[in-house]
$ cat input23.csv   # CSV, C-alpha atoms
chain,number,residue,atom,x,y,z
A,1,MET,CA,6.4,13.0,-72.2
A,2,ASP,CA,7.3,13.4,-68.5
A,3,SER,CA,5.3,11.0,-66.3
A,4,VAL,CA,4.4,13.7,-63.9
A,5,TYR,CA,4.4,17.1,-65.6
A,6,HIS,CA,3.7,16.4,-69.2
A,7,ILE,CA,1.2,13.6,-69.4
A,8,ALA,CA,-1.0,14.8,-72.4
A,9,PRO,CA,-0.1,15.9,-75.9
A,10,VAL,CA,0.0,19.6,-76.5
A,11,ASP,CA,-0.7,21.4,-79.8
A,12,LEU,CA,1.2,24.6,-79.4
A,13,ASN,CA,-0.1,25.9,-82.7
A,14,HIS,CA,-3.6,26.3,-81.2
A,15,LEU,CA,-3.0,26.3,-77.5
A,16,PHE,CA,-2.8,30.0,-77.0
A,17,ASP,CA,-5.9,30.7,-79.0
A,18,ALA,CA,-7.3,30.4,-75.5
A,19,VAL,CA,-5.9,33.9,-74.8
A,20,ARG,CA,-8.9,35.9,-75.7
A,21,VAL,CA,-8.8,39.6,-76.6
A,22,SER,CA,-12.1,41.5,-76.2
A,23,SER,CA,-13.6,43.7,-78.9
A,24,GLU,CA,-13.6,46.4,-76.2
A,25,LYS,CA,-10.4,48.3,-75.6
A,26,PRO,CA,-7.8,45.8,-74.1
A,27,ALA,CA,-5.6,47.2,-71.3
A,28,PRO,CA,-2.1,48.3,-72.2
A,29,VAL,CA,0.4,45.6,-71.2
A,30,VAL,CA,3.9,45.3,-69.8
A,31,LEU,CA,4.9,41.7,-70.7
A,32,CYS,CA,7.7,40.5,-68.4
A,33,VAL,CA,9.5,37.3,-69.3
A,34,SER,CA,12.4,35.7,-67.4
A,35,PRO,CA,14.0,32.4,-66.6
A,36,CYS,CA,12.5,31.1,-63.3
A,37,ARG,CA,14.3,32.3,-60.2
A,38,SER,CA,15.5,35.6,-61.8
A,39,GLY,CA,14.0,37.9,-59.3
A,40,SER,CA,10.8,38.4,-61.3
A,41,THR,CA,8.3,37.3,-58.7
A,42,VAL,CA,9.1,40.3,-56.4
A,43,LEU,CA,8.3,42.5,-59.4
A,44,LEU,CA,4.7,41.5,-58.9
A,45,ARG,CA,4.8,43.4,-55.6
A,46,VAL,CA,6.8,46.2,-57.2
A,47,PHE,CA,4.1,46.8,-59.9
A,48,GLY,CA,1.2,45.9,-57.7
A,49,ALA,CA,2.3,48.3,-55.0
A,50,SER,CA,2.3,51.0,-57.7
A,51,GLY,CA,-1.3,50.3,-58.4
A,52,ILE,CA,-0.8,48.2,-61.5
A,53,PRO,CA,-2.7,44.9,-61.7
A,54,ALA,CA,0.1,42.2,-61.8
A,55,TYR,CA,-0.7,38.8,-63.2
A,56,TYR,CA,1.3,35.7,-62.3
A,57,GLN,CA,2.0,33.5,-65.3
A,58,PRO,CA,-1.5,33.3,-66.9
A,59,TRP,CA,-0.2,31.9,-70.2
A,60,LYS,CA,2.2,29.4,-68.7
A,61,ASN,CA,-0.7,28.3,-66.6
A,62,ILE,CA,-2.6,27.5,-69.8
A,63,LEU,CA,0.3,25.4,-71.0
A,64,ARG,CA,0.7,23.6,-67.8
A,65,TRP,CA,-3.0,22.7,-67.6
A,66,ALA,CA,-2.8,21.5,-71.2
A,67,MET,CA,0.2,19.3,-70.3
A,68,GLN,CA,-2.1,17.7,-67.7
A,69,GLY,CA,-4.8,17.2,-70.2
A,70,TYR,CA,-7.1,20.1,-69.4
A,71,ALA,CA,-8.2,23.1,-71.5
A,72,LYS,CA,-8.0,26.5,-69.8
A,73,GLY,CA,-8.3,30.1,-71.1
A,74,TRP,CA,-7.6,33.6,-70.2
A,75,ASP,CA,-9.5,36.8,-71.0
A,76,PHE,CA,-7.4,39.9,-71.5
A,77,PRO,CA,-8.5,42.7,-69.2
A,78,THR,CA,-9.9,45.8,-70.7
A,79,GLY,CA,-9.6,49.5,-69.9
A,80,GLU,CA,-7.2,52.4,-70.1
A,81,SER,CA,-4.9,51.5,-67.2
A,82,PRO,CA,-1.9,49.2,-67.8
A,83,ILE,CA,-1.4,45.7,-66.5
A,84,PHE,CA,1.7,43.7,-65.8
A,85,VAL,CA,1.9,40.1,-67.0
A,86,LYS,CA,4.8,38.1,-65.6
A,87,GLU,CA,5.8,34.9,-67.4
A,88,THR,CA,8.7,32.6,-66.6
A,89,LEU,CA,10.6,30.0,-68.5
A,90,GLY,CA,11.3,26.5,-67.1
A,91,PRO,CA,11.9,24.6,-64.9
A,92,TYR,CA,10.5,21.1,-65.4
A,93,THR,CA,10.2,20.7,-69.2
A,94,PHE,CA,11.6,22.1,-72.4
A,95,LEU,CA,8.0,23.1,-73.3
A,96,GLU,CA,8.1,25.5,-70.4
A,97,ALA,CA,11.6,26.7,-71.1
A,98,GLU,CA,10.8,27.5,-74.7
A,99,LEU,CA,7.4,29.2,-74.0
A,100,ASN,CA,7.0,32.2,-76.3
A,101,PRO,CA,4.8,34.8,-74.6
A,102,VAL,CA,5.7,37.4,-77.3
A,103,GLN,CA,4.3,35.0,-79.9
A,104,VAL,CA,1.1,34.7,-77.8
A,105,LEU,CA,0.6,38.4,-78.1
A,106,LEU,CA,1.4,38.4,-81.8
A,107,GLN,CA,-1.1,35.7,-82.7
A,108,SER,CA,-3.8,36.9,-80.3
A,109,GLY,CA,-4.9,39.9,-82.2
A,110,TYR,CA,-3.9,42.2,-79.4
A,111,PRO,CA,-3.1,45.8,-80.5
A,112,LEU,CA,0.7,45.8,-80.6
A,113,GLU,CA,1.0,49.5,-80.1
A,114,GLN,CA,0.0,48.9,-76.5
A,115,VAL,CA,2.7,46.4,-75.8
A,116,LYS,CA,6.0,46.9,-73.9
A,117,VAL,CA,8.3,44.0,-73.4
A,118,LEU,CA,10.4,43.6,-70.2
A,119,LEU,CA,13.1,40.9,-70.3
A,120,VAL,CA,14.4,40.1,-66.8
A,121,THR,CA,17.5,38.1,-66.0
A,122,ARG,CA,19.9,37.3,-63.2
A,123,ASP,CA,23.5,36.1,-62.9
A,124,PRO,CA,23.2,32.6,-64.4
A,125,MET,CA,25.3,31.0,-61.7
A,126,GLN,CA,23.1,32.4,-58.9
A,127,THR,CA,20.0,31.5,-60.9
A,128,TRP,CA,21.1,27.9,-61.6
A,129,ASN,CA,22.0,27.5,-57.9
A,130,SER,CA,18.5,28.5,-57.1
A,131,TRP,CA,17.0,26.1,-59.6
A,132,HIS,CA,19.1,23.3,-58.1
A,133,LYS,CA,18.1,24.3,-54.5
A,134,VAL,CA,14.4,24.5,-55.2
A,135,TRP,CA,13.9,21.7,-57.8
A,136,GLY,CA,16.9,19.4,-57.5
A,137,GLU,CA,16.6,16.4,-59.8
A,138,LYS,CA,13.2,17.6,-61.1
A,139,THR,CA,15.1,19.9,-63.5
A,140,ASN,CA,18.5,19.9,-65.3
A,141,PRO,CA,21.1,22.2,-66.8
A,142,ASP,CA,19.9,21.6,-70.4
A,143,ILE,CA,16.4,23.0,-69.6
A,144,PHE,CA,18.1,25.9,-67.7
A,145,ILE,CA,20.3,26.7,-70.7
A,146,ALA,CA,17.3,26.5,-73.0
A,147,ALA,CA,15.4,29.1,-70.9
A,148,TYR,CA,18.3,31.6,-71.2
A,149,ARG,CA,18.6,31.0,-74.9
A,150,GLN,CA,14.9,31.6,-75.3
A,151,ILE,CA,15.3,35.1,-73.7
A,152,GLN,CA,17.7,36.0,-76.6
A,153,ILE,CA,15.1,34.6,-79.1
A,154,LEU,CA,12.5,36.8,-77.5
A,155,HIS,CA,14.9,39.7,-77.7
A,156,GLN,CA,15.3,39.3,-81.4
A,157,GLN,CA,11.6,38.6,-82.0
A,158,THR,CA,10.6,41.7,-80.0
A,159,LEU,CA,12.9,44.0,-82.1
A,160,GLU,CA,11.8,42.4,-85.4
A,161,ALA,CA,8.2,43.1,-84.4
A,162,GLY,CA,9.0,46.7,-83.6
A,163,LEU,CA,7.9,46.5,-80.0
A,164,PRO,CA,9.5,48.6,-77.2
A,165,LEU,CA,12.1,46.4,-75.3
A,166,THR,CA,13.7,46.9,-71.9
A,167,HIS,CA,16.2,44.7,-70.3
A,168,PHE,CA,16.3,44.5,-66.5
A,169,VAL,CA,18.9,42.4,-64.6
A,170,TYR,CA,18.4,41.7,-60.9
A,171,GLU,CA,22.0,42.7,-60.1
A,172,SER,CA,21.1,46.3,-60.9
A,173,VAL,CA,19.3,46.4,-57.6
A,174,ARG,CA,22.5,45.3,-55.9
A,175,ASP,CA,24.8,47.7,-57.7
A,176,PHE,CA,22.7,50.8,-58.1
A,177,GLY,CA,20.2,50.4,-55.3
A,178,PRO,CA,16.5,49.4,-55.4
A,179,GLU,CA,15.1,52.9,-56.0
A,180,ALA,CA,17.4,53.8,-58.9
A,181,ALA,CA,17.0,50.4,-60.5
A,182,ALA,CA,13.2,50.4,-60.3
A,183,ARG,CA,12.9,54.1,-61.2
A,184,ASP,CA,14.9,53.5,-64.4
A,185,MET,CA,12.8,50.5,-65.3
A,186,PHE,CA,9.6,52.4,-64.8
A,187,GLU,CA,10.9,55.4,-66.8
A,188,GLU,CA,11.8,53.1,-69.7
A,189,LEU,CA,8.3,51.6,-69.5
A,190,GLY,CA,6.6,55.0,-69.4
A,191,LEU,CA,5.1,54.4,-66.0
A,192,SER,CA,4.8,56.6,-62.9
A,193,PHE,CA,7.2,55.8,-60.0
A,194,THR,CA,5.8,56.1,-56.5
A,195,HIS,CA,7.2,55.6,-53.0
A,196,ASN,CA,5.4,52.3,-52.5
A,197,THR,CA,7.1,50.9,-55.6
A,198,VAL,CA,10.1,49.8,-53.7
A,199,SER,CA,9.4,50.2,-49.9
A,200,GLY,CA,6.7,50.5,-47.3
A,201,TRP,CA,5.2,47.2,-48.2
A,202,ARG,CA,4.4,46.2,-44.6
A,203,GLY,CA,1.3,48.2,-44.6
A,204,LEU,CA,0.0,46.8,-47.9
A,205,PRO,CA,-2.5,43.9,-48.3
A,206,ALA,CA,-0.8,40.5,-48.1
A,207,PHE,CA,0.9,39.2,-51.3
A,208,GLY,CA,-1.8,37.9,-53.6
A,209,MET,CA,-4.7,38.9,-51.4
A,210,PRO,CA,-7.5,41.3,-52.5
A,211,GLY,CA,-6.2,44.8,-52.7
A,212,SER,CA,-2.6,43.7,-53.4
A,213,ASN,CA,-3.1,44.0,-57.2
A,214,ILE,CA,-1.4,40.6,-57.5
A,215,ILE,CA,-3.5,38.0,-59.2
A,216,PHE,CA,-2.6,34.3,-59.2
A,217,PRO,CA,-4.2,31.6,-61.4
A,218,ASP,CA,-5.5,28.2,-60.2
A,219,GLU,CA,-2.4,26.0,-60.8
A,220,PRO,CA,-2.4,22.3,-61.7
A,221,PRO,CA,-1.6,20.3,-58.5
A,222,ALA,CA,1.4,18.6,-60.1
A,223,PHE,CA,3.1,22.0,-60.4
A,224,PHE,CA,2.2,23.4,-57.0
A,225,LEU,CA,5.2,24.0,-54.8
A,226,PRO,CA,4.3,25.3,-51.3
A,227,ASP,CA,6.4,28.1,-49.7
A,228,VAL,CA,8.5,28.7,-52.9
A,229,HIS,CA,7.6,32.4,-52.7
A,230,ARG,CA,7.7,32.8,-48.9
A,231,ARG,CA,10.6,35.2,-48.9
A,232,VAL,CA,9.0,37.4,-51.5
A,233,GLU,CA,5.6,37.2,-49.8
A,234,ASN,CA,7.1,38.5,-46.5
A,235,ALA,CA,9.3,41.1,-48.1
A,236,GLU,CA,8.9,44.7,-46.8
A,237,SER,CA,10.9,46.3,-49.6
A,238,PHE,CA,12.6,45.6,-52.9
A,239,ASP,CA,16.0,44.2,-52.3
A,240,TYR,CA,18.7,42.0,-54.0
A,241,ILE,CA,18.9,38.6,-52.5
A,242,SER,CA,21.6,36.1,-53.4
A,243,GLU,CA,23.4,33.0,-52.0
A,244,ARG,CA,26.9,33.3,-50.6
A,245,LEU,CA,29.8,31.8,-52.5
A,246,PRO,CA,30.7,29.0,-53.1
A,247,LEU,CA,27.3,28.1,-54.6
A,248,PRO,CA,26.4,24.4,-53.7
A,249,GLY,CA,24.7,23.9,-57.0
A,250,CYS,CA,27.6,25.2,-59.1
A,251,THR,CA,29.9,22.2,-59.2
A,252,PRO,CA,32.9,22.4,-61.6
A,253,PRO,CA,31.2,20.3,-64.3
A,254,ILE,CA,28.1,22.5,-64.1
A,255,VAL,CA,30.1,25.7,-64.3
A,256,ARG,CA,32.0,24.4,-67.3
A,257,GLN,CA,28.7,23.4,-69.0
A,258,LEU,CA,27.2,26.9,-68.4
A,259,GLU,CA,30.3,28.7,-69.5
A,260,LYS,CA,30.5,26.6,-72.7
A,261,SER,CA,26.8,27.2,-73.5
A,262,GLY,CA,27.2,30.9,-74.3
A,263,ILE,CA,24.6,32.0,-71.8
A,264,MET,CA,27.2,33.9,-69.7
A,265,GLU,CA,28.0,36.1,-72.7
A,266,LEU,CA,24.3,36.7,-73.3
A,267,TYR,CA,23.7,37.7,-69.7
A,268,GLU,CA,26.7,40.1,-69.8
A,269,ASP,CA,25.2,41.8,-72.9
A,270,TRP,CA,21.8,42.2,-71.3
A,271,LYS,CA,23.5,43.5,-68.1
A,272,GLN,CA,25.5,46.1,-70.1
A,273,GLN,CA,22.3,47.4,-71.7
A,274,ASN,CA,20.7,47.8,-68.3
A,275,PHE,CA,23.8,49.2,-66.5
A,276,SER,CA,24.6,51.7,-69.3
A,277,ARG,CA,21.2,53.3,-68.9
A,278,LEU,CA,21.7,53.6,-65.1
A,279,MET,CA,25.3,55.0,-65.4
A,280,ALA,CA,24.2,57.6,-67.9
A,281,LYS,CA,21.4,58.8,-65.6
A,282,ALA,CA,23.8,58.9,-62.7
A,283,ALA,CA,26.4,60.9,-64.6

$ encode --input "input23.csv" --output "structure tokens"
Amino acid sequence: MDSVYHIAPVDLNHLFDAVRVSSEKPAPVVLCVSPCRSGSTVLLRVFGASGIPAYYQPWKNILRWAMQGYAKGWDFPTGESPIFVKETLGPYTFLEAELNPVQVLLQSGYPLEQVKVLLVTRDPMQTWNSWHKVWGEKTNPDIFIAAYRQIQILHQQTLEAGLPLTHFVYESVRDFGPEAAARDMFEELGLSFTHNTVSGWRGLPAFGMPGSNIIFPDEPPAFFLPDVHRRVENAESFDYISERLPLPGCTPPIVRQLEKSGIMELYEDWKQQNFSRLMAKAA
């Protein structure tokens, strides 16, 4: 166990029993899962600005508190209106990289006919560079690779469970524009697209504040990282942000490791699924 992040034993078989589903009608859910730093945090604003309550990593938060020796729970919201639950994989431990939010839903007793799964990814080189920039020696490429491979596991599990699945890659915002990329994603999820979905955010309540529809949990102090979301918190619209080449974190040995791992091919497959939809709609 890690001396800072993972200091207590965790029983994954029972941990997510703490996700409680009411006997009342639970809200329909869009479950979003991505490796950390894939452009998913800004989706909280995208969905929140559209009037959809957007929850920041409630189940990963249960895991992190358990790793610190504390028991936490989460009550599934009820009602007719959909909610957006964002979960990310990584970056400090393999437990976080191999988190399985789809399994959380499958074992919770939640009505699966109300689930839609959104898997979000980003160019692995850009994503690893961001991991390296933000966390440095607190993470490593093996955990990063495990997070990408977990997305493919979730892909297969979602299909086997018969759940609706949408892939969204952050580069679609760069190559097709924010409105086309977001509109396609919302259409795939069966949600209404509005002007505030991708722009006009300056006039909205501050990110995570009352009225923003963005809900943050109380995080364990060991995992709190100030200012990590500052750029997203101050964003006025949905945009693609990347680092210029060459990427400092992508040294030749790291590039070789990522290329040999197979995650580049996985990403290209997910990208093709996203881009082919957009190209068909543009034709």

$ closest_residue --input "input23.csv" --among "A:Phe207, A:Phe275, A:Tyr267, A:Phe168" --to "Val117 in chain A" --atoms "only C-alpha atoms"
A:Phe168

$ residues_around --input "input23.csv" --residues "Leu15 in chain A" --least-positions-apart "5" --cutoff "12 Å" --atoms "only C-alpha atoms" --output "list of chain:residue names"
A:Pro9, A:Val10, A:Arg20, A:Trp59, A:Lys60, A:Asn61, A:Ile62, A:Leu63, A:Arg64, A:Trp65, A:Ala66, A:Met67, A:Gly69, A:Tyr70, A:Ala71, A:Lys72, A:Gly73, A:Trp74, A:Leu99, A:Asn100, A:Pro101, A:Gln103, A:Val104, A:Gln107, A:Ser108

$ closest_residue --input "input23.csv" --among "A:Gln273, A:Gln57, A:Thr121, A:Gln68" --to "Ile151 in chain A" --atoms "only C-alpha atoms"
A:Thr121

$ atom_distance --input "input23.csv" --atom1 "CA of Ser212 in chain A" --atom2 "CA of Val173 in chain A"
22.5 Å

$ residues_near_point --input "input23.csv" --point "(-10.1, 41.5, -73.8)" --cutoff "12 Å" --atoms "all atoms listed in the file" --output "list in words"
Ala18, Val19, Arg20, Val21, Ser22, Ser23, Glu24, Lys25, Pro26, Ala27, Pro28, Val29, Gly73, Trp74, Asp75, Phe76, Pro77, Thr78, Gly79, Glu80, Leu105, Ser108, Gly109, Tyr110 and Pro111 of chain A

$ residues_around --input "input23.csv" --residues "Glu137 in chain A" --least-positions-apart "5" --cutoff "12 Å" --atoms "all atoms listed in the file" --output "ChimeraX atom specification"
/A:91-92,131-132,143,249

$ atom_distance --input "input23.csv" --atom1 "CA of Asp17 in chain A" --atom2 "CA of Gly90 in chain A"
21.3 Å

$ atom_distance --input "input23.csv" --atom1 "CA of Pro205 in chain A" --atom2 "CA of Asp175 in chain A"
29.1 Å

$ residues_near_point --input "input23.csv" --point "(12.1, 51.7, -55.4)" --cutoff "12 Å" --atoms "only C-alpha atoms" --output "MDAnalysis selection string"
chainID A and resid 42:43 45:47 49:50 172:173 176:186 192:201 236:240

$ closest_residue --input "input23.csv" --among "A:Ala280, A:Pro253, A:Leu154, A:Gly39" --to "Arg231 in chain A" --atoms "only C-alpha atoms"
A:Gly39

$ closest_residue --input "input23.csv" --among "A:Val232, A:Val33, A:Leu106, A:Leu89" --to "Ala146 in chain A" --atoms "all atoms listed in the file"
A:Leu89

$ closest_residue --input "input23.csv" --among "A:Pro164, A:Gly48, A:Pro35, A:Pro58" --to "Gln150 in chain A" --atoms "all atoms listed in the file"
A:Pro35

$ residues_around --input "input23.csv" --residues "Gln152 in chain A" --least-positions-apart "5" --cutoff "10 Å" --atoms "only C-alpha atoms" --output "list of chain:residue names"
A:Leu119, A:Ala147, A:Gln157, A:Thr158, A:Ile263, A:Leu266, A:Tyr267, A:Trp270

$ closest_residue --input "input23.csv" --among "A:Glu233, A:Glu259, A:Glu87, A:Glu268" --to "Ala206 in chain A" --atoms "all atoms listed in the file"
A:Glu233

$ axis_aligned_box --input "input23.csv" --around "range 33-39 of chain A" --padding-each-side "8 Å" --output "AutoDock Vina command-line options"
--center_x 12.5 --center_y 34.5 --center_z -64.3 --size_x 22.0 --size_y 22.8 --size_z 26.0
